[in-house]
>>> print(open('target-v2.tsv').read())   # TSV, C-alpha atoms and all ligand atoms
chain	number	residue	atom	x	y	z
W	238	MET	CA	-60.83	62.91	101.68
W	239	SER	CA	-57.13	62.53	102.52
W	240	ASN	CA	-55.18	65.06	104.60
W	241	GLN	CA	-52.62	65.60	101.87
W	242	PRO	CA	-52.39	68.95	100.11
W	243	ARG	CA	-54.87	69.12	97.28
W	244	VAL	CA	-53.86	70.64	93.94
W	245	MET	CA	-56.63	71.70	91.58
W	246	THR	CA	-55.83	72.13	87.87
W	247	VAL	CA	-58.26	74.20	85.78
W	248	TYR	CA	-58.16	74.36	81.98
W	249	GLY	CA	-60.52	75.03	79.14
W	250	THR	CA	-59.05	74.83	75.62
W	251	ARG	CA	-57.09	72.41	73.47
W	252	PRO	CA	-53.68	74.06	73.88
W	253	GLU	CA	-54.12	74.25	77.65
W	254	ALA	CA	-55.14	70.60	77.79
W	255	ILE	CA	-52.03	69.52	75.86
W	256	LYS	CA	-49.76	71.58	78.10
W	257	VAL	CA	-51.33	70.68	81.48
W	258	ALA	CA	-51.63	66.98	80.66
W	259	PRO	CA	-48.02	66.10	81.61
W	260	VAL	CA	-48.43	68.02	84.89
W	261	ILE	CA	-51.74	66.35	85.75
W	262	LYS	CA	-50.21	62.94	85.03
W	263	ALA	CA	-47.25	63.79	87.31
W	264	LEU	CA	-49.60	65.06	90.06
W	265	GLU	CA	-51.71	61.91	89.82
W	266	VAL	CA	-48.75	59.65	90.61
W	267	ASN	CA	-47.23	61.95	93.24
W	268	PRO	CA	-47.58	60.25	96.65
W	269	ASN	CA	-47.59	63.55	98.60
W	270	LEU	CA	-50.34	65.40	96.77
W	271	ASP	CA	-53.96	64.87	95.73
W	272	SER	CA	-54.97	65.98	92.26
W	273	VAL	CA	-58.36	67.41	91.27
W	274	THR	CA	-59.08	68.44	87.68
W	275	VAL	CA	-61.64	70.95	86.47
W	276	VAL	CA	-62.42	71.72	82.83
W	277	THR	CA	-64.31	74.86	81.95
W	278	GLY	CA	-65.17	73.57	78.48
W	279	GLN	CA	-64.22	76.88	76.78
W	280	HIS	CA	-63.48	74.62	73.79
W	281	ARG	CA	-65.67	71.54	73.65
W	282	GLU	CA	-64.80	68.74	71.21
W	283	MET	CA	-61.16	69.78	70.87
W	284	LEU	CA	-60.75	69.66	74.64
W	285	ASP	CA	-62.44	66.30	75.07
W	286	GLN	CA	-60.24	64.93	72.28
W	287	VAL	CA	-57.05	65.79	74.19
W	288	ASN	CA	-58.34	64.49	77.54
W	289	GLU	CA	-59.05	61.20	75.84
W	290	ILE	CA	-55.55	60.89	74.36
W	291	PHE	CA	-53.84	61.53	77.69
W	292	GLY	CA	-56.34	59.42	79.66
W	293	ILE	CA	-57.56	62.27	81.86
W	294	ALA	CA	-61.09	62.12	83.28
W	295	PRO	CA	-61.93	65.57	84.71
W	296	ASP	CA	-63.56	65.64	88.15
W	297	HIS	CA	-65.64	68.73	87.33
W	298	ASP	CA	-66.90	70.18	84.05
W	299	LEU	CA	-68.17	73.77	84.12
W	300	ASP	CA	-69.53	73.36	80.59
W	301	VAL	CA	-69.35	77.06	79.67
W	302	PHE	CA	-69.19	76.62	75.88
W	303	ALA	CA	-71.85	78.28	73.73
W	304	HIS	CA	-71.68	79.23	70.05
W	305	GLY	CA	-70.94	82.91	69.42
W	306	GLN	CA	-70.90	84.01	73.07
W	307	THR	CA	-68.93	87.14	73.98
W	308	LEU	CA	-65.75	87.02	76.02
W	309	ASN	CA	-67.59	88.74	78.86
W	310	THR	CA	-70.33	86.12	78.93
W	311	LEU	CA	-67.68	83.43	78.95
W	312	LEU	CA	-65.81	85.06	81.83
W	313	ALA	CA	-68.98	85.61	83.83
W	314	LYS	CA	-69.91	81.93	83.46
W	315	VAL	CA	-66.47	80.76	84.63
W	316	PHE	CA	-66.61	83.03	87.70
W	317	GLU	CA	-70.09	81.91	88.61
W	318	ARG	CA	-69.58	78.20	88.06
W	319	ILE	CA	-66.08	77.77	89.51
W	320	ASP	CA	-66.88	79.39	92.84
W	321	PRO	CA	-68.93	76.53	94.34
W	322	VAL	CA	-66.31	74.05	93.12
W	323	LEU	CA	-63.56	76.01	94.89
W	324	GLU	CA	-65.67	76.10	98.02
W	325	ARG	CA	-66.43	72.38	97.98
W	326	GLU	CA	-62.98	71.09	97.01
W	327	ALA	CA	-61.04	73.69	99.07
W	328	PRO	CA	-57.78	73.18	97.15
W	329	ASP	CA	-54.44	74.22	98.66
W	330	ALA	CA	-53.25	75.49	95.29
W	331	LEU	CA	-54.82	76.12	91.90
W	332	VAL	CA	-52.85	75.48	88.72
W	333	VAL	CA	-53.62	77.30	85.46
W	334	GLN	CA	-51.71	77.28	82.17
W	335	GLY	CA	-51.12	80.02	79.65
W	336	ASP	CA	-53.30	82.93	78.68
W	337	THR	CA	-56.89	82.07	77.81
W	338	SER	CA	-59.98	83.67	79.31
W	339	THR	CA	-60.38	80.51	81.40
W	340	VAL	CA	-56.98	81.26	82.96
W	341	ALA	CA	-57.73	84.91	83.73
W	342	ALA	CA	-61.08	84.10	85.32
W	343	ALA	CA	-60.00	80.99	87.26
W	344	SER	CA	-56.90	82.68	88.67
W	345	VAL	CA	-58.80	85.74	89.87
W	346	ALA	CA	-61.55	83.52	91.33
W	347	ALA	CA	-58.93	81.51	93.25
W	348	PHE	CA	-57.24	84.70	94.47
W	349	TYR	CA	-60.56	86.02	95.79
W	350	ARG	CA	-60.85	82.78	97.78
W	351	GLN	CA	-57.24	83.18	98.99
W	352	ILE	CA	-56.09	80.04	97.24
W	353	PRO	CA	-52.47	80.32	95.97
W	354	VAL	CA	-52.30	80.38	92.18
W	355	VAL	CA	-49.61	78.45	90.27
W	356	HIS	CA	-49.15	79.75	86.74
W	357	LEU	CA	-47.66	77.43	84.14
W	358	GLU	CA	-46.06	79.11	81.11
W	359	ALA	CA	-45.70	82.34	83.05
W	360	GLY	CA	-43.93	85.44	81.78
W	361	LEU	CA	-44.64	85.32	78.05
W	362	ARG	CA	-45.05	88.86	76.73
W	363	SER	CA	-45.54	90.27	73.24
W	364	GLY	CA	-45.30	93.81	74.58
W	365	ASP	CA	-48.58	94.83	72.91
W	366	ILE	CA	-51.66	94.62	75.13
W	367	HIS	CA	-53.87	94.38	72.01
W	368	SER	CA	-51.95	91.54	70.35
W	369	PRO	CA	-52.48	88.69	70.81
W	370	PHE	CA	-55.95	89.69	71.96
W	371	PRO	CA	-57.10	89.03	74.60
W	372	GLU	CA	-54.21	86.74	75.59
W	373	GLU	CA	-51.57	89.37	76.40
W	374	ALA	CA	-53.91	90.99	78.92
W	375	ASN	CA	-54.95	87.60	80.32
W	376	ARG	CA	-51.31	86.73	81.03
W	377	LYS	CA	-50.67	89.99	82.79
W	378	ILE	CA	-53.84	89.76	84.88
W	379	THR	CA	-52.88	86.23	85.95
W	380	SER	CA	-49.31	87.26	86.85
W	381	GLN	CA	-50.73	89.81	89.30
W	382	VAL	CA	-52.56	87.18	91.37
W	383	THR	CA	-50.02	84.33	91.07
W	384	SER	CA	-48.00	82.94	93.99
W	385	LEU	CA	-45.74	80.59	91.99
W	386	HIS	CA	-44.69	81.57	88.45
W	387	LEU	CA	-43.48	78.61	86.37
W	388	ALA	CA	-41.63	80.31	83.53
W	389	PRO	CA	-40.75	78.18	80.50
W	390	THR	CA	-37.48	79.96	79.67
W	391	SER	CA	-35.05	82.39	81.29
W	392	ARG	CA	-36.36	85.10	78.95
W	393	SER	CA	-39.89	84.65	80.26
W	394	LYS	CA	-38.45	84.83	83.80
W	395	ASP	CA	-36.69	88.09	82.89
W	396	ASN	CA	-40.02	89.55	81.69
W	397	LEU	CA	-41.52	88.87	85.11
W	398	VAL	CA	-38.55	90.25	87.01
W	399	ARG	CA	-38.82	93.41	84.88
W	400	GLU	CA	-42.42	93.72	86.09
W	401	ALA	CA	-41.17	93.65	89.70
W	402	ILE	CA	-42.32	90.11	90.44
W	403	ASP	CA	-40.35	88.52	93.29
W	404	GLU	CA	-37.57	86.41	91.79
W	405	GLN	CA	-37.93	83.85	94.58
W	406	ALA	CA	-41.44	83.10	93.34
W	407	ILE	CA	-40.25	82.23	89.80
W	408	VAL	CA	-38.96	78.83	88.68
W	409	VAL	CA	-37.72	78.16	85.11
W	410	THR	CA	-39.19	74.81	84.13
W	411	GLY	CA	-39.11	74.54	80.33
W	412	ASN	CA	-42.41	74.35	78.52
W	413	THR	CA	-44.57	71.31	79.24
W	414	VAL	CA	-45.56	71.24	75.54
W	415	ILE	CA	-42.20	69.59	74.86
W	416	ASP	CA	-42.99	66.90	77.47
W	417	ALA	CA	-46.34	66.35	75.75
W	418	LEU	CA	-44.76	66.27	72.30
W	419	PHE	CA	-42.00	63.78	73.22
W	420	HIS	CA	-44.46	61.53	75.02
W	421	THR	CA	-46.91	61.60	72.11
W	422	LEU	CA	-44.35	61.05	69.35
W	423	GLU	CA	-43.07	57.99	71.19
W	424	GLN	CA	-46.50	56.41	70.85
W	425	LYS	CA	-46.45	56.63	67.03
W	426	VAL	CA	-50.24	56.67	66.88
W	427	PRO	CA	-51.70	55.61	63.54
W	428	VAL	CA	-52.98	58.36	61.24
W	429	SER	CA	-56.64	57.59	60.66
W	430	ASP	CA	-57.37	59.88	57.68
W	431	PRO	CA	-56.25	57.78	54.67
W	432	ARG	CA	-55.17	60.87	52.67
W	433	LEU	CA	-52.87	61.97	55.48
W	434	ALA	CA	-51.68	58.44	56.21
W	435	GLU	CA	-50.52	58.15	52.61
W	436	LEU	CA	-48.71	61.50	52.72
W	437	VAL	CA	-46.92	60.57	55.96
W	438	GLU	CA	-46.07	57.13	54.58
W	439	THR	CA	-44.72	58.26	51.20
W	440	GLY	CA	-42.88	61.35	52.45
W	441	SER	CA	-44.61	63.46	49.79
W	442	PRO	CA	-44.06	67.21	50.54
W	443	ILE	CA	-46.57	68.83	52.90
W	444	LEU	CA	-47.30	72.47	53.67
W	445	LEU	CA	-48.98	72.27	57.08
W	446	VAL	CA	-51.19	75.25	57.91
W	447	THR	CA	-53.05	76.21	61.09
W	448	THR	CA	-54.82	79.48	61.73
W	449	HIS	CA	-57.21	80.67	64.41
W	450	ARG	CA	-55.99	83.91	66.08
W	451	ARG	CA	-58.77	86.32	66.91
W	452	GLU	CA	-56.78	89.34	65.70
W	453	ASN	CA	-56.50	87.68	62.26
W	454	TRP	CA	-60.26	87.17	61.89
W	455	GLY	CA	-61.83	88.80	58.86
W	456	GLY	CA	-59.73	90.46	56.14
W	457	ALA	CA	-56.38	89.02	57.26
W	458	MET	CA	-57.70	85.47	57.15
W	459	GLU	CA	-59.25	86.02	53.73
W	460	GLY	CA	-55.74	86.99	52.57
W	461	VAL	CA	-54.37	83.77	54.06
W	462	GLY	CA	-56.99	81.81	52.08
W	463	ARG	CA	-56.02	83.57	48.83
W	464	ALA	CA	-52.31	83.00	49.46
W	465	LEU	CA	-52.92	79.28	50.06
W	466	ARG	CA	-54.84	79.03	46.78
W	467	ARG	CA	-52.01	80.68	44.83
W	468	LEU	CA	-49.42	78.40	46.43
W	469	ALA	CA	-51.48	75.27	45.76
W	470	GLU	CA	-51.81	76.27	42.08
W	471	ARG	CA	-48.10	77.07	41.79
W	472	TYR	CA	-46.92	73.81	43.46
W	473	PRO	CA	-49.13	70.93	42.26
W	474	ASP	CA	-46.77	68.37	43.85
W	475	VAL	CA	-47.05	69.87	47.33
W	476	THR	CA	-50.09	69.01	49.43
W	477	THR	CA	-51.42	71.73	51.70
W	478	VAL	CA	-52.89	70.20	54.87
W	479	LEU	CA	-55.22	72.46	56.83
W	480	PRO	CA	-56.82	71.02	59.97
W	481	ALA	CA	-59.55	73.64	60.22
W	482	HIS	CA	-60.23	75.16	63.62
W	483	ARG	CA	-63.78	74.59	64.85
W	484	ASN	CA	-64.57	78.28	64.97
W	485	PRO	CA	-66.99	79.10	62.11
W	486	VAL	CA	-65.45	82.58	61.72
W	487	VAL	CA	-62.17	80.94	60.74
W	488	ARG	CA	-63.80	78.44	58.40
W	489	GLU	CA	-65.91	81.01	56.58
W	490	ALA	CA	-62.89	83.24	55.91
W	491	VAL	CA	-60.45	80.62	54.63
W	492	LEU	CA	-62.25	77.58	53.23
W	493	PRO	CA	-64.14	79.17	50.29
W	494	HIS	CA	-60.77	80.07	48.72
W	495	LEU	CA	-59.65	76.45	48.75
W	496	GLU	CA	-62.58	74.85	46.97
W	497	GLY	CA	-61.85	72.60	44.00
W	498	LEU	CA	-58.11	72.23	44.65
W	499	ALA	CA	-57.03	68.57	44.46
W	500	ASN	CA	-53.80	69.15	46.39
W	501	VAL	CA	-55.42	70.81	49.42
W	502	VAL	CA	-56.61	68.57	52.24
W	503	VAL	CA	-58.92	70.30	54.71
W	504	THR	CA	-59.67	68.20	57.78
W	505	GLU	CA	-61.42	68.54	61.11
W	506	PRO	CA	-59.03	69.38	63.99
W	507	LEU	CA	-56.65	66.45	64.22
W	508	ALA	CA	-56.21	64.44	67.38
W	509	TYR	CA	-52.92	65.51	68.95
W	510	GLY	CA	-51.11	62.25	68.18
W	511	GLU	CA	-52.02	62.49	64.49
W	512	PHE	CA	-51.23	66.19	64.31
W	513	THR	CA	-47.73	65.61	65.65
W	514	ARG	CA	-47.13	62.92	63.05
W	515	VAL	CA	-48.22	65.21	60.21
W	516	MET	CA	-46.05	68.00	61.67
W	517	GLY	CA	-43.13	65.55	61.74
W	518	ALA	CA	-43.69	64.78	58.06
W	519	ALA	CA	-44.24	68.40	56.94
W	520	LYS	CA	-41.75	70.33	54.80
W	521	VAL	CA	-42.86	73.78	55.97
W	522	VAL	CA	-45.24	74.89	58.73
W	523	LEU	CA	-47.32	78.05	58.28
W	524	THR	CA	-49.19	79.01	61.43
W	525	ASP	CA	-50.45	81.66	63.80
W	526	SER	CA	-50.50	79.20	66.71
W	527	GLY	CA	-48.45	79.60	69.87
W	528	GLY	CA	-48.02	75.91	70.63
W	529	VAL	CA	-47.05	74.98	67.09
W	530	GLN	CA	-44.31	77.67	67.19
W	531	GLU	CA	-42.85	75.81	70.16
W	532	GLU	CA	-43.25	72.27	68.87
W	533	ALA	CA	-42.18	72.48	65.22
W	534	PRO	CA	-38.64	73.80	65.94
W	535	SER	CA	-37.84	70.67	67.92
W	536	LEU	CA	-38.79	68.65	64.83
W	537	GLY	CA	-36.45	70.71	62.64
W	538	LYS	CA	-39.28	72.27	60.63
W	539	PRO	CA	-39.09	75.82	59.27
W	540	VAL	CA	-41.98	77.76	60.77
W	541	LEU	CA	-43.49	80.87	59.16
W	542	VAL	CA	-45.63	82.69	61.71
W	543	MET	CA	-48.58	84.71	60.45
W	544	ARG	CA	-48.34	87.38	63.13
W	545	ASP	CA	-46.61	90.73	63.53
W	546	ASN	CA	-45.15	89.96	66.94
W	547	THR	CA	-44.51	86.98	69.15
W	548	GLU	CA	-44.18	86.29	72.84
W	549	ARG	CA	-41.96	83.36	71.85
W	550	PRO	CA	-38.76	85.01	70.55
W	551	GLU	CA	-36.41	82.13	71.40
W	552	ALA	CA	-36.91	80.12	68.19
W	553	VAL	CA	-36.92	83.32	66.10
W	554	ASP	CA	-33.44	84.01	67.48
W	555	ALA	CA	-32.43	80.40	66.81
W	556	GLY	CA	-33.41	80.96	63.16
W	557	THR	CA	-36.09	78.28	62.75
W	558	VAL	CA	-39.09	80.60	63.17
W	559	ARG	CA	-39.77	83.74	61.10
W	560	LEU	CA	-42.50	86.30	61.69
W	561	ILE	CA	-44.15	87.14	58.38
W	562	GLY	CA	-47.51	88.74	59.26
W	563	THR	CA	-50.66	88.05	57.25
W	564	ASP	CA	-50.02	89.96	54.03
W	565	GLU	CA	-50.97	87.73	51.08
W	566	GLU	CA	-47.92	88.67	48.97
W	567	ARG	CA	-45.53	88.09	51.85
W	568	ILE	CA	-46.97	84.66	52.61
W	569	VAL	CA	-46.66	83.61	48.96
W	570	HIS	CA	-43.14	85.06	48.74
W	571	ASP	CA	-41.75	83.42	51.88
W	572	VAL	CA	-43.26	79.99	51.28
W	573	THR	CA	-42.01	80.13	47.67
W	574	GLU	CA	-38.51	80.95	48.86
W	575	LEU	CA	-38.47	77.95	51.19
W	576	PHE	CA	-39.75	75.65	48.46
W	577	ASP	CA	-37.43	76.92	45.72
W	578	GLU	CA	-34.18	77.84	47.44
W	579	GLU	CA	-32.31	75.05	49.12
W	580	THR	CA	-29.97	77.30	51.08
W	581	ALA	CA	-32.87	79.36	52.45
W	582	TYR	CA	-34.56	76.10	53.46
W	583	ALA	CA	-31.44	74.61	55.04
W	584	ALA	CA	-30.85	77.79	57.04
W	585	MET	CA	-34.20	77.38	58.80
W	586	ALA	CA	-34.51	73.59	59.01
W	587	ASN	CA	-32.53	73.07	62.21
W	588	ALA	CA	-33.78	71.05	65.13
W	589	VAL	CA	-33.58	73.29	68.19
W	590	ASN	CA	-35.17	72.98	71.61
W	591	PRO	CA	-35.17	76.41	73.24
W	592	TYR	CA	-38.52	75.67	74.90
W	593	GLY	CA	-37.80	72.59	76.94
W	594	ASP	CA	-36.05	69.28	77.52
W	595	GLY	CA	-39.05	67.10	78.33
W	596	ARG	CA	-38.71	67.52	82.13
W	597	ALA	CA	-40.92	70.59	82.62
W	598	ALA	CA	-43.71	68.68	84.38
W	599	GLU	CA	-41.25	67.16	86.84
W	600	ARG	CA	-39.81	70.61	87.68
W	601	SER	CA	-43.30	72.08	87.94
W	602	VAL	CA	-44.53	69.47	90.40
W	603	ALA	CA	-41.32	69.77	92.48
W	604	ALA	CA	-41.88	73.53	92.69
W	605	ILE	CA	-45.53	72.98	93.69
W	606	GLU	CA	-44.32	70.58	96.39
W	607	GLN	CA	-42.00	73.26	97.72
W	608	LEU	CA	-44.85	75.77	97.74
W	609	LEU	CA	-47.00	73.35	99.73
W	610	GLY	CA	-44.18	72.22	102.05
W	611	THR	CA	-43.93	68.58	100.96
W	612	GLY	CA	-40.71	68.72	98.90
W	613	GLN	CA	-37.98	70.75	97.23
W	614	ARG	CA	-37.71	72.32	93.82
W	615	ILE	CA	-35.07	70.96	91.42
W	616	ALA	CA	-32.56	72.79	89.21
W	617	ASP	CA	-34.03	75.21	86.69
W	618	PHE	CA	-34.21	74.46	82.96
W	619	ALA	CA	-31.19	76.12	81.40
W	620	GLY	CA	-33.00	77.53	78.34
T	1	LIG	N1	-53.04	70.84	67.45
T	1	LIG	C1	-53.72	69.63	67.41
T	1	LIG	N2	-54.54	69.36	66.34
T	1	LIG	C2	-54.69	70.25	65.31
T	1	LIG	C3	-53.99	71.48	65.36
T	1	LIG	C4	-53.18	71.75	66.46
T	1	LIG	O1	-53.60	68.79	68.32
T	1	LIG	O2	-55.43	69.94	64.38
T	1	LIG	C5	-52.20	71.14	68.63
T	1	LIG	C6	-50.80	71.64	68.36
T	1	LIG	O3	-49.88	70.58	68.25
T	1	LIG	C7	-50.51	72.53	69.56
T	1	LIG	C8	-51.88	73.03	69.95
T	1	LIG	O4	-52.83	72.20	69.32
T	1	LIG	O5	-49.99	71.79	70.65
T	1	LIG	C9	-52.04	74.46	69.50
T	1	LIG	O6	-53.33	74.86	69.63
T	1	LIG	P1	-53.88	76.21	69.04
T	1	LIG	O7	-53.11	76.56	67.81
T	1	LIG	O8	-55.36	76.05	68.93
T	1	LIG	O9	-53.63	77.27	70.19
T	1	LIG	P2	-52.40	78.20	70.60
T	1	LIG	O10	-51.21	77.33	70.78
T	1	LIG	O11	-52.24	79.22	69.52
T	1	LIG	O12	-52.84	78.83	71.88
>>> encode(input="target-v2.tsv", output="structure tokens")
Amino acid sequence: MSNQPRVMTVYGTRPEAIKVAPVIKALEVNPNLDSVTVVTGQHREMLDQVNEIFGIAPDHDLDVFAHGQTLNTLLAKVFERIDPVLEREAPDALVVQGDTSTVAAASVAAFYRQIPVVHLEAGLRSGDIHSPFPEEANRKITSQVTSLHLAPTSRSKDNLVREAIDEQAIVVTGNTVIDALFHTLEQKVPVSDPRLAELVETGSPILLVTTHRRENWGGAMEGVGRALRRLAERYPDVTTVLPAHRNPVVREAVLPHLEGLANVVVTEPLAYGEFTRVMGAAKVVLTDSGGVQEEAPSLGKPVLVMRDNTERPEAVDAGTVRLIGTDEERIVHDVTELFDEETAYAAMANAVNPYGDGRAAERSVAAIEQLLGTGQRIADFAG
């Protein structure tokens, strides 16, 4: 074991893996710090898939995944299994990203062991503790026990300042998802599904859809399924691509509505490299995802968000993202408008980058170095 400060990164789901990957890679090559990685396995296959793409081999795997377990069981498992790892590795700082249950549990566990917590993507707020659920609460819990808040934008910094968090403990870094996206697009990975490869190759119009939010489970997602069917029937030349989330609740609500439609392609979750290529080729993106809301604007894609609120207002203000909720009629109406009206489409199809400039990992690691006394932070991201 070296005498250098040791930074432990803990993550558990696909979106966390994508967003911590650039930071882990930067920590691994940093000569002043040692990097230890821990996965909780809150998601299983989707997490392993991302680790593989970025070439990350976790040092510890808490393996907490189980089908249909409650949030409380999940949290209890993370608390119980991370504690001996914290004791053995004795990190000087613990890095978490975002707002999952993994993040809430790992940050509190580190705090109880008096290990400083570094929170990536700090300060996002929807303003409604019940939506997104349980993420809004997870973010707020984590902010309370965090020593270094790495806010993606100045608006997320302002949210923290409003909650009386010490301004000196906040650094605006940009979102690491933009680092991950730029890095991945550069690699131009081949698209392995032949149906998608052909769509990307020919430039044939794509409606890309992702849905998974817990608060949309049930009736709302059924409505999404019905809206997709109506759109597919109305636009035979447009292919709807739906990489279906692994969660069976999501699949059972949406997929039955899409049976027998030749212009709907339902796939397993796509590897990140392939997903970014399909997103780059899409005409319109319809999603309830947080990460996709951040990525698609930088590709100039109009994004319709199936939620009533967002903790990511920057691209809404820039005009490339619109909140439309989950009402079936509204989904059909807004997608139709983008397909049929050129001016409406052109007004939303602007490439904007309010979430980052590709240097968020570099700023994050510099700020961690300052926290641990081995270096200095660099200028904030101006977004
Ligand atoms: N994503 C992916 N494959 C897919 C669908 C999404 O790699 O089939 C990526 C996407 O580019 C984004 C992240 O997964 O970076 C978003 O994950 P998700 O929507 O599950 O979570 P959220 O961002 O809502 O927390």
>>> atom_distance(input="target-v2.tsv", atom1="CA of Val540 (chain W)", atom2="CA of Val475 (chain W)")
16.4 Å
>>> closest_residue(input="target-v2.tsv", among="W:Val276, W:Leu323, W:Ala374, W:Val572", to="Val446 (chain W)", atoms="all atoms listed in the file")
W:Val572
>>> closest_residue(input="target-v2.tsv", among="W:Val553, W:Ala401, W:Leu418, W:Ala588", to="ligand LIG 1 (chain T)", atoms="all atoms listed in the file")
W:Leu418
>>> residues_around(input="target-v2.tsv", residues="Thr246 (chain W)", least_positions_apart="2", cutoff="6 Å", atoms="only C-alpha atoms", output="PyMOL selection string")
chain W and resi 274+331-332
>>> axis_aligned_box(input="target-v2.tsv", around="region 350-367 of chain W", padding_each_side="3 Å", output="lines of an AutoDock Vina configuration file")
center_x = -52.4
center_y = 86.1
center_z = 85.5
size_x = 22.9
size_y = 23.4
size_z = 33.0
>>> residues_near_ligand(input="target-v2.tsv", ligand="ligand LIG 1 (chain T)", cutoff="8 Å", atoms="all atoms listed in the file", output="number ranges by chain")
W: 250-253, 255-256, 287, 336-337, 414, 418, 447-450, 479-482, 505-513, 524-530, 532
>>> residues_near_point(input="target-v2.tsv", point="(-36.0, 76.0, 59.0)", cutoff="10 Å", atoms="all atoms listed in the file", output="VMD selection string")
chain W and resid 520 to 522 533 to 534 536 to 541 555 to 559 575 581 to 589
>>> atom_distance(input="target-v2.tsv", atom1="CA of Val355 (chain W)", atom2="CA of Ala330 (chain W)")
6.9 Å
>>> closest_residue(input="target-v2.tsv", among="W:Ala616, W:Leu311, W:Ala417, W:Val428", to="Ala263 (chain W)", atoms="all atoms listed in the file")
W:Ala417
>>> residues_around(input="target-v2.tsv", residues="region 431-443 of chain W", least_positions_apart="5", cutoff="9 Å", atoms="all atoms listed in the file", output="PyMOL selection string")
chain W and resi 474-478+502+514-522
>>> residues_around(input="target-v2.tsv", residues="Val382 (chain W)", least_positions_apart="6", cutoff="7 Å", atoms="only C-alpha atoms", output="list of chain:residue names")
W:Ser344, W:Val345, W:Phe348, W:Val354
>>> closest_residue(input="target-v2.tsv", among="W:Thr339, W:Thr611, W:Ser535, W:Ser368", to="Thr277 (chain W)", atoms="all atoms listed in the file")
W:Thr339
>>> closest_residue(input="target-v2.tsv", among="W:Asn240, W:Thr563, W:Thr580, W:Ser338", to="Gly460 (chain W)", atoms="only C-alpha atoms")
W:Thr563
>>> closest_residue(input="target-v2.tsv", among="W:Gly360, W:Pro353, W:Gly612, W:Gly249", to="Glu282 (chain W)", atoms="all atoms listed in the file")
W:Gly249
>>> atom_distance(input="target-v2.tsv", atom1="CA of Asp271 (chain W)", atom2="CA of Ile415 (chain W)")
24.4 Å
>>> residues_near_point(input="target-v2.tsv", point="(-63.4, 80.8, 92.2)", cutoff="9 Å", atoms="all atoms listed in the file", output="list in words")
Val315, Phe316, Glu317, Arg318, Ile319, Asp320, Pro321, Val322, Leu323, Glu324, Ala342, Ala343, Ser344, Val345, Ala346, Ala347, Phe348, Tyr349, Arg350 and Ile352 of chain W
>>> residues_around(input="target-v2.tsv", residues="Phe302 (chain W)", least_positions_apart="3", cutoff="10 Å", atoms="only C-alpha atoms", output="list of chain:residue names")
W:Gly249, W:Thr277, W:Gly278, W:Gln279, W:His280, W:Arg281, W:Leu299, W:Gly305, W:Gln306, W:Leu311, W:Lys314
>>> residues_around(input="target-v2.tsv", residues="Gln613 (chain W)", least_positions_apart="2", cutoff="12 Å", atoms="all atoms listed in the file", output="short mmCIF file (atom, residue, chain, number, x, y, z; two decimals) with C-alpha atoms, in the coordinates of the input")
data_model
loop_
_atom_site.label_atom_id
_atom_site.label_comp_id
_atom_site.auth_asym_id
_atom_site.auth_seq_id
_atom_site.Cartn_x
_atom_site.Cartn_y
_atom_site.Cartn_z
CA VAL W 408 -38.96 78.83 88.68
CA GLU W 599 -41.25 67.16 86.84
CA ARG W 600 -39.81 70.61 87.68
CA SER W 601 -43.30 72.08 87.94
CA VAL W 602 -44.53 69.47 90.40
CA ALA W 603 -41.32 69.77 92.48
CA ALA W 604 -41.88 73.53 92.69
CA ILE W 605 -45.53 72.98 93.69
CA GLU W 606 -44.32 70.58 96.39
CA GLN W 607 -42.00 73.26 97.72
CA LEU W 608 -44.85 75.77 97.74
CA LEU W 609 -47.00 73.35 99.73
CA GLY W 610 -44.18 72.22 102.05
CA THR W 611 -43.93 68.58 100.96
CA ILE W 615 -35.07 70.96 91.42
CA ALA W 616 -32.56 72.79 89.21
#
>>> build_atoms(input="target-v2.tsv", residues="region 350-355 of chain W", atoms="N, CA, C and O atoms", output="short mmCIF file (atom, residue, chain, number, x, y, z; two decimals), in the frame of the given file")
data_model
loop_
_atom_site.label_atom_id
_atom_site.label_comp_id
_atom_site.auth_asym_id
_atom_site.auth_seq_id
_atom_site.Cartn_x
_atom_site.Cartn_y
_atom_site.Cartn_z
N ARG W 350 -60.63 83.77 96.70
CA ARG W 350 -60.85 82.78 97.78
C ARG W 350 -59.57 82.50 98.55
O ARG W 350 -59.50 81.53 99.31
N GLN W 351 -58.54 83.30 98.30
CA GLN W 351 -57.24 83.18 98.99
C GLN W 351 -56.58 81.82 98.80
O GLN W 351 -55.97 81.27 99.71
N ILE W 352 -56.75 81.30 97.60
CA ILE W 352 -56.09 80.04 97.24
C ILE W 352 -54.87 80.41 96.39
O ILE W 352 -55.02 81.14 95.40
N PRO W 353 -53.66 79.96 96.75
CA PRO W 353 -52.47 80.32 95.97
C PRO W 353 -52.59 79.82 94.52
O PRO W 353 -52.99 78.68 94.27
N VAL W 354 -52.23 80.71 93.61
CA VAL W 354 -52.30 80.38 92.18
C VAL W 354 -50.91 79.99 91.68
O VAL W 354 -49.91 80.66 91.98
N VAL W 355 -50.84 78.89 90.93
CA VAL W 355 -49.61 78.45 90.27
C VAL W 355 -49.82 78.64 88.78
O VAL W 355 -50.77 78.09 88.21
#
